[in-house]
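Colleague: Got a file for you: my_file.cif, mmCIF, C-alpha atoms.
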data_protein
#
loop_
_atom_site.label_atom_id
_atom_site.label_comp_id
_atom_site.auth_asym_id
_atom_site.auth_seq_id
_atom_site.Cartn_x
_atom_site.Cartn_y
_atom_site.Cartn_z
CA MET W 1414 -13.99 40.07 -104.17
CA THR W 1415 -10.64 41.74 -104.80
CA ASP W 1416 -9.25 38.99 -107.02
CA PRO W 1417 -9.36 40.34 -110.62
CA ARG W 1418 -10.07 36.85 -111.98
CA GLY W 1419 -12.96 36.49 -109.56
CA GLN W 1420 -14.32 39.88 -110.57
CA ARG W 1421 -14.05 39.00 -114.23
CA ALA W 1422 -15.79 35.66 -113.67
CA PHE W 1423 -18.56 37.39 -111.70
CA ILE W 1424 -19.15 39.91 -114.49
CA HIS W 1425 -18.92 37.26 -117.18
CA TYR W 1426 -21.18 34.62 -115.63
CA VAL W 1427 -23.61 36.68 -113.53
CA VAL W 1428 -23.68 40.39 -114.42
CA LEU W 1429 -23.57 40.06 -118.22
CA PRO W 1430 -26.52 37.62 -118.53
CA MET W 1431 -28.53 39.72 -116.04
CA LEU W 1432 -27.93 42.87 -118.08
CA LEU W 1433 -28.80 41.10 -121.33
CA LEU W 1434 -32.02 39.79 -119.80
CA THR W 1435 -32.84 43.29 -118.56
CA VAL W 1436 -32.62 44.42 -122.18
CA ALA W 1437 -34.92 41.51 -123.09
CA LEU W 1438 -37.36 42.67 -120.40
CA LEU W 1439 -37.38 46.36 -121.26
CA GLY W 1440 -37.24 45.99 -125.05
CA GLY W 1441 -40.92 45.13 -125.30
CA LEU W 1442 -42.14 47.43 -122.54
CA ARG W 1443 -44.31 50.39 -123.53
CA VAL W 1444 -46.32 52.79 -121.40
CA ALA W 1445 -49.80 53.67 -122.68
CA ALA W 1446 -50.46 57.37 -123.15
CA ALA W 1447 -54.07 57.20 -121.96
CA ASP W 1448 -53.73 55.59 -118.54
CA HIS W 1449 -49.96 55.06 -118.17
CA ALA W 1450 -50.50 51.31 -118.01
CA PHE W 1451 -47.68 48.91 -118.86
CA LEU W 1452 -47.96 47.21 -122.24
CA PHE W 1453 -45.72 44.21 -122.87
CA VAL W 1454 -45.20 43.81 -126.62
CA ALA W 1455 -43.91 40.34 -127.45
CA PRO W 1456 -41.17 40.34 -130.09
CA PRO W 1457 -42.63 40.06 -133.62
CA LEU W 1458 -41.34 37.24 -135.79
CA VAL W 1459 -39.26 39.62 -137.90
CA THR W 1460 -37.23 40.65 -134.84
CA LEU W 1461 -36.24 37.01 -134.32
CA VAL W 1462 -35.04 36.88 -137.92
CA LEU W 1463 -33.13 40.13 -137.39
CA ALA W 1464 -31.63 38.79 -134.17
CA GLY W 1465 -30.55 35.65 -136.01
CA LEU W 1466 -28.86 37.75 -138.69
CA LEU W 1467 -27.20 39.85 -136.00
CA MET W 1468 -25.88 36.75 -134.23
CA ALA W 1469 -24.42 35.60 -137.56
CA LEU W 1470 -22.85 39.05 -137.90
CA PHE W 1471 -21.37 38.77 -134.39
CA VAL W 1472 -19.71 35.52 -135.44
CA ARG W 1473 -18.48 36.88 -138.76
CA GLY W 1474 -17.27 40.11 -137.16
CA GLY W 1475 -15.41 38.27 -134.43
CA LEU W 1476 -17.51 39.71 -131.60
CA VAL W 1477 -18.38 36.17 -130.55
CA ARG W 1478 -16.36 33.04 -131.28
CA PRO W 1479 -18.79 30.14 -130.79
CA SER W 1480 -16.06 27.50 -130.76
CA ALA W 1481 -14.48 29.22 -127.77
CA TRP W 1482 -17.78 29.62 -125.94
CA VAL W 1483 -18.95 26.03 -126.20
CA ARG W 1484 -16.26 23.34 -126.29
CA ALA W 1485 -16.33 19.61 -125.81
CA ASP W 1486 -13.33 19.71 -123.44
CA ARG W 1487 -15.01 22.18 -121.06
CA PRO W 1488 -17.04 21.01 -118.03
CA LEU W 1489 -20.79 20.77 -118.49
CA LEU W 1490 -21.46 23.62 -116.05
CA GLY W 1491 -19.25 26.01 -117.99
CA ASN W 1492 -20.81 25.10 -121.32
CA LEU W 1493 -24.31 25.46 -119.90
CA ALA W 1494 -23.50 28.91 -118.47
CA HIS W 1495 -22.12 29.99 -121.85
CA ILE W 1496 -25.10 28.63 -123.79
CA LEU W 1497 -27.44 30.56 -121.49
CA THR W 1498 -25.40 33.75 -122.00
CA LEU W 1499 -25.59 33.33 -125.78
CA ALA W 1500 -29.35 32.67 -125.51
CA ALA W 1501 -29.68 35.84 -123.43
CA LEU W 1502 -27.71 37.70 -126.11
CA PHE W 1503 -30.14 36.45 -128.76
CA ALA W 1504 -33.18 37.46 -126.66
CA ALA W 1505 -31.67 40.87 -125.93
CA SER W 1506 -30.92 41.41 -129.64
CA ALA W 1507 -34.51 40.54 -130.61
CA GLN W 1508 -35.91 42.84 -127.96
CA ALA W 1509 -33.52 45.68 -128.84
CA PHE W 1510 -34.96 45.54 -132.37
CA ASN W 1511 -38.46 45.32 -130.89
CA SER W 1512 -37.75 48.48 -128.90
CA VAL W 1513 -36.85 50.60 -131.93
CA LEU W 1514 -39.27 49.11 -134.49
CA PRO W 1515 -42.65 50.83 -134.93
CA GLU W 1516 -45.33 48.47 -133.64
CA GLN W 1517 -47.52 48.25 -136.74
CA GLY W 1518 -48.37 49.56 -140.17
CA LEU W 1519 -46.24 50.37 -143.16
CA LEU W 1520 -43.53 51.99 -141.07
CA HIS W 1521 -43.01 48.74 -139.16
CA TRP W 1522 -42.21 46.99 -142.42
CA LEU W 1523 -40.12 49.88 -143.73
CA PHE W 1524 -37.98 49.82 -140.60
CA ALA W 1525 -37.77 46.02 -140.70
CA PHE W 1526 -36.67 46.15 -144.34
CA PHE W 1527 -34.09 48.80 -143.49
CA PHE W 1528 -32.68 46.59 -140.75
CA LEU W 1529 -32.75 43.47 -142.94
CA TRP W 1530 -31.02 45.24 -145.79
CA THR W 1531 -28.30 46.66 -143.53
CA LEU W 1532 -27.66 43.41 -141.70
CA TRP W 1533 -27.65 41.37 -144.90
CA ASN W 1534 -25.15 43.74 -146.54
CA ASN W 1535 -22.98 43.71 -143.44
CA GLN W 1536 -22.70 39.92 -143.65
CA PHE W 1537 -20.39 40.43 -146.63
CA ALA W 1538 -18.44 43.42 -145.34
CA PRO W 1539 -15.09 43.10 -143.57
CA PHE W 1540 -15.64 43.84 -139.88
CA ASP W 1541 -13.58 43.77 -136.75
CA PRO W 1542 -15.35 43.72 -133.37
CA ALA W 1543 -14.76 47.40 -132.62
CA ARG W 1544 -16.03 48.56 -136.01
CA LEU W 1545 -19.00 46.25 -135.76
CA LEU W 1546 -19.87 47.68 -132.36
CA ARG W 1547 -19.68 51.27 -133.63
CA SER W 1548 -21.78 50.33 -136.65
CA LEU W 1549 -24.46 48.76 -134.44
CA ALA W 1550 -24.51 51.75 -132.09
CA VAL W 1551 -25.19 54.01 -135.09
CA LEU W 1552 -27.81 51.61 -136.47
CA PHE W 1553 -29.79 51.40 -133.24
CA GLY W 1554 -29.27 55.09 -132.50
CA THR W 1555 -30.70 56.07 -135.88
CA ALA W 1556 -33.72 53.79 -135.51
CA PHE W 1557 -34.30 55.08 -131.99
CA ALA W 1558 -34.20 58.71 -133.14
CA LEU W 1559 -36.57 58.01 -136.03
CA LYS W 1560 -39.11 56.14 -133.94
CA HIS W 1561 -39.07 57.88 -130.59
CA MET W 1562 -38.20 61.41 -131.65
CA LEU W 1563 -39.48 61.91 -135.20
CA LEU W 1564 -42.52 59.62 -135.30
CA ALA W 1565 -43.52 60.22 -131.67
CA GLY W 1566 -43.42 63.95 -132.43
CA LEU W 1567 -45.97 63.48 -135.21
CA GLN W 1568 -48.78 62.37 -132.92
CA PRO W 1569 -51.56 64.92 -133.50
CA ALA W 1570 -52.64 65.11 -129.89
CA GLU W 1571 -49.18 66.16 -128.81
CA THR W 1572 -48.41 68.77 -131.44
CA GLY W 1573 -49.63 71.97 -132.92
CA TRP W 1574 -50.72 72.69 -136.47
CA MET W 1575 -47.27 71.99 -137.94
CA GLY W 1576 -47.23 68.52 -136.45
CA ARG W 1577 -50.72 67.85 -137.73
CA VAL W 1578 -49.75 68.99 -141.24
CA ALA W 1579 -46.62 66.82 -141.20
CA ALA W 1580 -48.60 63.84 -139.93
CA ALA W 1581 -51.21 64.36 -142.65
CA LEU W 1582 -48.50 64.57 -145.32
CA LEU W 1583 -46.76 61.46 -144.06
CA GLN W 1584 -50.11 59.69 -143.89
CA GLY W 1585 -50.53 60.44 -147.59
CA VAL W 1586 -47.02 59.25 -148.44
CA SER W 1587 -47.52 56.02 -146.51
CA LEU W 1588 -50.81 55.22 -148.30
CA GLY W 1589 -52.87 55.93 -145.21
CA THR W 1590 -51.17 53.29 -143.14
CA LEU W 1591 -49.30 55.54 -140.71
CA ASP W 1592 -50.40 53.76 -137.56
CA VAL W 1593 -48.38 55.24 -134.74
CA PRO W 1594 -49.86 54.07 -131.43
CA ALA W 1595 -49.94 56.72 -128.72
CA PHE W 1596 -47.40 55.93 -126.01
CA ALA W 1597 -46.44 58.00 -123.01
CA PRO W 1598 -43.07 59.83 -123.14
CA ALA W 1599 -41.75 57.29 -120.62
CA THR W 1600 -41.67 54.76 -123.47
CA GLY W 1601 -38.95 56.77 -125.21
CA TYR W 1602 -36.87 56.94 -122.04
CA ILE W 1603 -37.23 53.19 -121.50
CA SER W 1604 -36.21 52.54 -125.11
CA PHE W 1605 -33.20 54.86 -124.80
CA PHE W 1606 -32.06 53.06 -121.66
CA THR W 1607 -32.61 49.71 -123.38
CA VAL W 1608 -30.52 50.62 -126.43
CA VAL W 1609 -27.71 52.11 -124.32
CA LEU W 1610 -27.73 49.05 -122.06
CA TYR W 1611 -27.66 46.73 -125.06
CA VAL W 1612 -24.65 48.47 -126.60
CA GLY W 1613 -23.02 48.46 -123.15
CA CYS W 1614 -23.59 44.71 -122.92
CA LEU W 1615 -21.95 44.22 -126.31
CA MET W 1616 -18.95 46.16 -125.02
CA LEU W 1617 -18.73 43.83 -122.03
CA MET W 1618 -19.03 40.77 -124.23
CA PRO W 1619 -15.75 38.90 -124.64
CA ALA W 1620 -15.14 37.30 -128.04
CA ALA W 1621 -14.03 34.23 -126.13
CA PRO W 1622 -14.56 33.51 -122.44
CA GLY W 1623 -11.52 34.76 -120.57
CA GLY W 1624 -10.54 36.97 -123.49
CA ASP W 1625 -10.58 40.74 -123.81
CA GLU W 1626 -13.86 42.58 -123.99
CA VAL W 1627 -14.70 44.51 -127.12
CA ARG W 1628 -14.30 47.70 -125.07
CA GLN W 1629 -10.60 46.93 -124.67
CA LEU W 1630 -10.22 45.93 -128.30
CA ALA W 1631 -11.84 49.20 -129.32
CA ARG W 1632 -9.47 51.15 -127.11
CA ALA W 1633 -6.50 49.29 -128.59
CA GLY W 1634 -7.73 49.92 -132.12
CA MET R 1326 -14.10 31.93 -105.20
CA ARG R 1327 -13.88 29.15 -107.70
CA GLU R 1328 -15.09 29.79 -111.25
CA SER R 1329 -17.60 26.94 -111.01
CA VAL R 1330 -19.38 28.78 -108.17
CA PHE R 1331 -19.91 31.80 -110.42
CA GLN R 1332 -21.00 29.50 -113.23
CA GLY R 1333 -23.61 27.85 -111.02
CA LEU R 1334 -24.76 31.22 -109.68
CA GLY R 1335 -25.00 32.54 -113.23
CA ILE R 1336 -27.05 29.57 -114.43
CA VAL R 1337 -29.51 29.78 -111.53
CA SER R 1338 -29.91 33.56 -111.74
CA THR R 1339 -30.26 33.52 -115.54
CA LEU R 1340 -32.92 30.81 -115.46
CA ALA R 1341 -34.82 32.51 -112.61
CA TYR R 1342 -34.71 35.95 -114.23
CA GLY R 1343 -35.66 34.46 -117.60
CA ALA R 1344 -38.65 32.75 -116.00
CA VAL R 1345 -39.74 36.04 -114.41
CA ILE R 1346 -39.52 37.80 -117.79
CA ALA R 1347 -41.48 35.03 -119.53
CA TRP R 1348 -44.11 35.23 -116.77
CA LEU R 1349 -44.36 39.03 -117.15
CA TYR R 1350 -44.88 38.77 -120.90
CA ALA R 1351 -47.38 35.91 -120.49
CA THR R 1352 -49.48 37.66 -117.83
CA ALA R 1353 -48.93 41.24 -119.10
CA PRO R 1354 -49.63 43.12 -115.88
CA ARG R 1355 -50.70 46.72 -116.48
CA SER R 1356 -49.26 48.26 -113.32
CA LEU R 1357 -46.84 47.57 -110.50
CA GLY R 1358 -49.87 46.70 -108.35
CA GLU R 1359 -50.84 43.98 -110.82
CA VAL R 1360 -47.24 42.73 -110.81
CA ALA R 1361 -47.43 42.41 -107.01
CA THR R 1362 -50.82 40.65 -107.20
CA GLY R 1363 -49.55 38.29 -109.88
CA ALA R 1364 -46.48 37.52 -107.80
CA ARG R 1365 -48.68 36.67 -104.81
CA VAL R 1366 -50.78 34.39 -107.02
CA ALA R 1367 -47.65 32.68 -108.35
CA ALA R 1368 -46.28 32.29 -104.83
CA GLY R 1369 -49.58 30.84 -103.58
CA THR R 1370 -50.06 33.58 -100.97
CA TYR R 1371 -52.88 35.40 -102.77
CA GLN R 1372 -55.98 36.09 -100.69
CA VAL R 1373 -59.19 37.96 -101.31
CA ASP R 1374 -59.66 41.21 -99.38
CA GLN R 1375 -62.35 39.97 -97.00
CA ALA R 1376 -63.49 43.44 -95.89
CA ARG R 1377 -64.11 44.51 -99.47
CA PHE R 1378 -65.82 41.21 -100.20
CA ASP R 1379 -68.21 41.73 -97.28
CA ALA R 1380 -68.86 45.31 -98.38
CA GLY R 1381 -69.71 43.98 -101.86
CA LEU R 1382 -72.08 41.44 -100.33
CA ARG R 1383 -73.94 44.18 -98.41
CA LEU R 1384 -74.31 46.21 -101.62
CA PHE R 1385 -75.51 43.09 -103.43
CA ARG R 1386 -78.21 42.49 -100.82
CA SER R 1387 -79.38 46.07 -101.19
CA GLU R 1388 -79.65 45.52 -104.97
CA GLN R 1389 -76.75 47.89 -105.81
CA PHE R 1390 -75.26 45.44 -108.26
CA ARG R 1391 -72.78 47.67 -110.07
CA ALA R 1392 -71.33 48.97 -106.81
CA ALA R 1393 -71.17 45.40 -105.52
CA ARG R 1394 -69.26 44.25 -108.60
CA ASP R 1395 -66.87 47.15 -108.20
CA GLU R 1396 -66.12 46.15 -104.60
CA TRP R 1397 -65.67 42.52 -105.54
CA GLY R 1398 -63.41 43.54 -108.40
CA ARG R 1399 -61.17 45.29 -105.88
CA ALA R 1400 -61.42 42.42 -103.43
CA ASP R 1401 -60.23 39.94 -106.08
CA PRO R 1402 -58.02 41.93 -108.50
CA ALA R 1403 -56.46 38.78 -109.94
CA GLN R 1404 -59.92 37.28 -110.63
CA ARG R 1405 -58.76 34.02 -109.09
CA ASP R 1406 -61.24 33.50 -106.28
CA PRO R 1407 -64.12 31.24 -107.44
CA ARG R 1408 -66.58 32.44 -104.80
CA THR R 1409 -66.03 36.14 -105.64
CA GLN R 1410 -66.30 35.46 -109.37
CA PHE R 1411 -69.51 33.50 -108.72
CA TYR R 1412 -71.00 36.50 -106.91
CA ILE R 1413 -69.89 38.87 -109.68
CA ALA R 1414 -71.66 36.62 -112.20
CA TYR R 1415 -74.71 36.53 -109.96
CA ALA R 1416 -74.74 40.35 -109.80
CA PHE R 1417 -74.67 40.44 -113.61
CA TYR R 1418 -77.58 37.98 -113.67
CA ARG R 1419 -79.71 39.93 -111.21
CA GLU R 1420 -79.03 43.27 -112.86
CA GLY R 1421 -79.67 41.85 -116.31
CA TRP R 1422 -82.83 39.99 -115.35
CA GLY R 1423 -86.11 41.55 -116.43
CA ARG R 1424 -89.61 40.18 -116.36
CA VAL R 1425 -90.14 40.97 -120.04
CA TYR R 1426 -86.59 40.73 -121.37
CA LYS R 1427 -83.08 39.81 -120.32
CA ASP R 1428 -80.16 42.16 -120.92
CA ASP R 1429 -77.88 40.19 -123.26
CA VAL R 1430 -74.82 42.36 -122.63
CA LEU R 1431 -74.95 41.87 -118.86
CA TYR R 1432 -75.76 38.18 -119.23
CA ARG R 1433 -72.74 37.67 -121.49
CA GLN R 1434 -70.52 39.42 -118.96
CA GLY R 1435 -72.03 37.14 -116.35
CA ILE R 1436 -71.14 34.10 -118.45
CA VAL R 1437 -67.54 35.30 -118.65
CA ALA R 1438 -67.43 35.75 -114.87
CA VAL R 1439 -69.02 32.38 -114.08
CA ASN R 1440 -66.62 30.70 -116.50
CA ARG R 1441 -63.78 32.30 -114.53
CA ALA R 1442 -65.33 30.93 -111.32
CA ILE R 1443 -65.51 27.43 -112.81
CA ALA R 1444 -61.96 27.66 -114.16
CA ALA R 1445 -60.69 28.77 -110.76
CA SER R 1446 -62.17 25.72 -109.03
CA PRO R 1447 -61.31 22.83 -111.34
CA ALA R 1448 -61.01 20.24 -108.60
CA ALA R 1449 -64.56 20.37 -107.23
CA THR R 1450 -68.01 21.64 -108.11
CA LEU R 1451 -68.31 25.20 -106.89
CA VAL R 1452 -71.10 25.46 -104.32
CA VAL R 1453 -71.96 28.73 -102.57
CA ALA R 1454 -74.11 28.02 -99.54
CA ASN R 1455 -75.95 31.32 -99.29
CA PRO R 1456 -79.65 30.88 -98.31
CA THR R 1457 -80.61 34.22 -99.87
CA LEU R 1458 -79.68 32.91 -103.33
CA GLN R 1459 -81.80 30.54 -105.39
CA MET R 1460 -78.85 29.16 -107.36
CA HIS R 1461 -76.00 27.70 -105.35
CA THR R 1462 -73.71 26.12 -107.92
CA ALA R 1463 -71.72 27.71 -110.71
CA ALA R 1464 -73.18 25.18 -113.15
CA GLU R 1465 -76.76 26.30 -112.35
CA LEU R 1466 -75.83 29.95 -112.75
CA GLN R 1467 -73.99 29.26 -116.00
CA ALA R 1468 -77.00 27.39 -117.44
CA GLU R 1469 -79.39 30.18 -116.38
CA LEU R 1470 -77.20 32.86 -117.95
CA GLU R 1471 -76.75 30.89 -121.17
CA GLN R 1472 -80.49 30.22 -121.46
CA GLY R 1473 -81.10 33.94 -120.99
CA THR R 1474 -79.03 34.77 -124.07
CA GLU R 1475 -80.65 32.14 -126.31
CA ARG R 1476 -83.62 32.86 -128.55
CA HIS R 1477 -86.36 30.26 -129.15
CA MET R 1478 -90.12 29.92 -129.65
CA GLY R 1479 -90.66 29.33 -125.93
CA ASP R 1480 -89.80 33.01 -125.35
CA LEU R 1481 -93.24 33.87 -126.75
CA ASN R 1482 -95.02 31.88 -124.03
CA PRO R 1483 -96.87 34.49 -121.88
CA LEU R 1484 -96.45 32.30 -118.81
CA LYS R 1485 -92.77 33.17 -118.88
CA LEU R 1486 -93.74 36.56 -117.50
CA LEU R 1487 -94.58 34.80 -114.24
CA GLU R 1488 -91.12 33.26 -113.85
CA PRO R 1489 -89.44 34.58 -110.72
CA ARG R 1490 -85.95 36.05 -110.53
CA LYS R 1491 -83.63 33.58 -108.88
#
Rewrite the structure from the file as C-alpha cells, please.

Modeller:
Amino acid sequence: MTDPRGQRAFIHYVVLPMLLLTVALLGGLRVAAADHAFLFVAPPLVTLVLAGLLMALFVRGGLVRPSAWVRADRPLLGNLAHILTLAALFAASAQAFNSVLPEQGLLHWLFAFFFLWTLWNNQFAPFDPARLLRSLAVLFGTAFALKHMLLAGLQPAETGWMGRVAAALLQGVSLGTLDVPAFAPATGYISFFTVVLYVGCLMLMPAAPGGDEVRQLARAG
Amino acid sequence: MRESVFQGLGIVSTLAYGAVIAWLYATAPRSLGEVATGARVAAGTYQVDQARFDAGLRLFRSEQFRAARDEWGRADPAQRDPRTQFYIAYAFYREGWGRVYKDDVLYRQGIVAVNRAIAASPAATLVVANPTLQMHTAAELQAELEQGTERHMGDLNPLKLLEPRK
C-alpha cells in the first residue's frame, strides 16, 4: 500500500475507528486491587452528557464538520462508514471521561461538575481545532493526574501515616463521602494509555473526510 | 485499492469490534481465562471438562460435597452445562439436608444452581439418569430445595424426622 491516498483511506476508514473503539474498550476497564480481576465499568449517564457536549464543542471548534462527513450526494457506503466513525468518536469520548472520573461518591460529582462547567463555558469561547485539541489534552491530563495520582495515593492501605492523615482530612472536607475504590496500579497505566490514545485519535481526526488532520493544522498554526 | 473497499472493510471491522466490546461489557469477564471461556460459549465450541466432571462425581459419591462442587465449578467455568449445574445443586441439597433441620444457606445456593440448570436447558426437561440419585429431574430438585427453605406448621410433625434423604 504505497499509494498515499490508499494509506490515508486505510487510516481514515479502518485504523481511526479501531483506535477510537479501543479507547471505548479501555475507558471503563479497571483492575481490582484485591485479586487483580478485570472490572468493566459501564459509562455513567453523566459521561454520555459530557460526550454530547464535547461533540458539540468539536463541531463549534471546527474539529469535525458534520456536513462534510455525512452528505446526501455521497454513496451510502461512505456515509455509513462516516456515521460509524462519528459514533465511535462519541463512545470513545464517553469512555475517556469514564476513565478519569472517580467511580462514586462526592468526588465523582465534583469532577463531573468540573467537566460540565468547563465544557459549557467552552461552547461560547472562540476555538480553532488546534487550540481545542490542546485545551482537551490539558483537561483530560489534569483529571487523570487528580484521579490516578492524587486520589489513588490517598488510599490508606497503600500509604504511610501522612497518607492516612491526608485521607482523613479529605474525608472530613467531603462530608464523609470520600469513596475511593481500591484499584490495582495497572488501572492508572490503562487510564494513561486510554487518555493518550484518545488525544492521538483526535489528532488523526480530519475536520472533513479527505481534509487535513488536526495534527497538520496544529503544526501550521 | 478503491476507497469503497476500505469503506466496506471499515464498516465490517467497526461493527465486529463494537460487538465484541458490547459483549465484554455485558458479560464482564474477570480474567483473560473467562474471556476465552466466554468466547468459546459465544462460538458454540464450549465443552465441559469431562475429567474434572468425573472427578467431581467420585467426590460426590464419597459424600465430599464441597470438594465435588469445586471440581464441577472448574469443569464448567461458564456455568452453562445443565447436567453439571444439576449436580452442583444436588451437592448443595445433600450437604444442606439434615434429619432435624435443613441448612437454608446451602439450600438457597442450591436453588440458584438448579435455576441455572433449568435456564441452560430451555428446550427440554432436564433429566439426569443416575440410578444412585432419588431425584432425576431439575424440577423435582428445585421443588425439594424450595420446600426445604419454607416454614410451615407441618415442620412440627415428628414423623418428618423419618423422611429419608433423597

Colleague: Here's a test: counting all atoms listed in the file, identify every protein, DNA and RNA residue with an atom at most 10 Å from (-76.7, 34.1, -119.6) in the file's coordinate frame, and state them as a ChimeraX atom specification.

Modeller: /R:1414,1417-1418,1421-1422,1427-1437,1439,1466-1475

Colleague: Within 12 Å of chain W, which residues of chain R are there when counting all atoms listed in the file? Please give them as a ChimeraX atom specification.

Modeller: /R:1326-1360

Colleague: I want to know what sits within 8 Å of Phe1411 (chain R), based on only C-alpha atoms, with residues of the same chain fewer than 2 positions away left out; could you give that as a list of chain:residue names?

Modeller: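 Using only C-alpha atoms, the neighbours found are R:Pro1407, R:Arg1408, R:Thr1409, R:Ile1413, R:Ala1414, R:Tyr1415, R:Ala1438, R:Val1439, R:Ala1442, R:Ala1463.
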
Colleague: Take CA of Arg1383 (chain R) and CA of Pro1447 (chain R) and report the distance between them in Å, one decimal.

Modeller: 28.0 Å

Colleague: Report the residues retrieved by the PyMOL selection byres ((chain R and resi 1394) around 9) from the displayed file, expressed as a list in words.

Modeller: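 Matching residues under the PyMOL selection byres ((chain R and resi 1394) around 9) are Gly1381, Leu1384, Phe1385, Gln1389, Phe1390, Arg1391, Ala1392, Ala1393, Asp1395, Glu1396, Trp1397, Gly1398, Arg1399, Tyr1412, Ile1413, Ala1414, Ala1416 and Phe1417 of chain R.
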
Colleague: Expressed in Å to a single decimal, how great is the separation between CA of Ala1599 (chain W) and CA of Ala1364 (chain R)?

Modeller: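 Those two atoms sit 24.0 Å apart.
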
Colleague: List the spatial neighbours of region 1470-1481 of chain W as an NGL selection string - criterion: any atom at most 6 Å away, all atoms listed in the file, same-chain residues fewer than 4 positions off excluded.

Modeller: :W and (1536 or 1540-1542 or 1620-1621)

Colleague: Can you tell me, as a list of chain:residue names, what residues are no more than 10 Å from region 1484-1491 of chain R when counting all atoms listed in the file, ignoring any on the same chain fewer than 3 positions away?

Modeller: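 Counting only the stated atoms, we get R:Tyr1415, R:Tyr1418, R:Arg1419, R:Trp1422, R:Gly1423, R:Arg1424, R:Val1425, R:Tyr1426, R:Thr1457, R:Leu1458, R:Gln1459, R:Met1460, R:Leu1466, R:Glu1469, R:Gly1479, R:Asp1480, R:Leu1481.
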
Colleague: Write the residues you've just listed into a file as a short mmCIF file (atom, residue, chain, number, x, y, z; two decimals), in the coordinates of the input, and include C-alpha atoms for each of them.

Modeller:
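Final output, again_16.cif:
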data_model
loop_
_atom_site.label_atom_id
_atom_site.label_comp_id
_atom_site.auth_asym_id
_atom_site.auth_seq_id
_atom_site.Cartn_x
_atom_site.Cartn_y
_atom_site.Cartn_z
CA TYR R 1415 -74.71 36.53 -109.96
CA TYR R 1418 -77.58 37.98 -113.67
CA ARG R 1419 -79.71 39.93 -111.21
CA TRP R 1422 -82.83 39.99 -115.35
CA GLY R 1423 -86.11 41.55 -116.43
CA ARG R 1424 -89.61 40.18 -116.36
CA VAL R 1425 -90.14 40.97 -120.04
CA TYR R 1426 -86.59 40.73 -121.37
CA THR R 1457 -80.61 34.22 -99.87
CA LEU R 1458 -79.68 32.91 -103.33
CA GLN R 1459 -81.80 30.54 -105.39
CA MET R 1460 -78.85 29.16 -107.36
CA LEU R 1466 -75.83 29.95 -112.75
CA GLU R 1469 -79.39 30.18 -116.38
CA GLY R 1479 -90.66 29.33 -125.93
CA ASP R 1480 -89.80 33.01 -125.35
CA LEU R 1481 -93.24 33.87 -126.75
#

Colleague: Starting from the shown file, work through the PyMOL selection byres ((chain R and resi 1401) around 9) and note down what comes out as JSON, numbers by chain.

Modeller: {"R": [1372, 1373, 1374, 1377, 1378, 1396, 1397, 1398, 1399, 1400, 1402, 1403, 1404, 1405, 1406, 1409, 1410]}

Colleague: CA of Asn1440 (chain R) and CA of Val1452 (chain R) are how many Å apart?

Modeller: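 So the two atoms, CA of Asn1440 (chain R) and CA of Val1452 (chain R), lie 14.0 Å apart.
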
Colleague: Can you pull out the residues contacting Leu1467 (chain W)? Cut-off 8 Å, using all atoms listed in the file, and skip same-chain residues under 4 positions away; I want them as a list in words.

Modeller: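 Counting all atoms listed in the file, the residues come to Leu1463, Phe1471, Ser1506 and Leu1532 of chain W.
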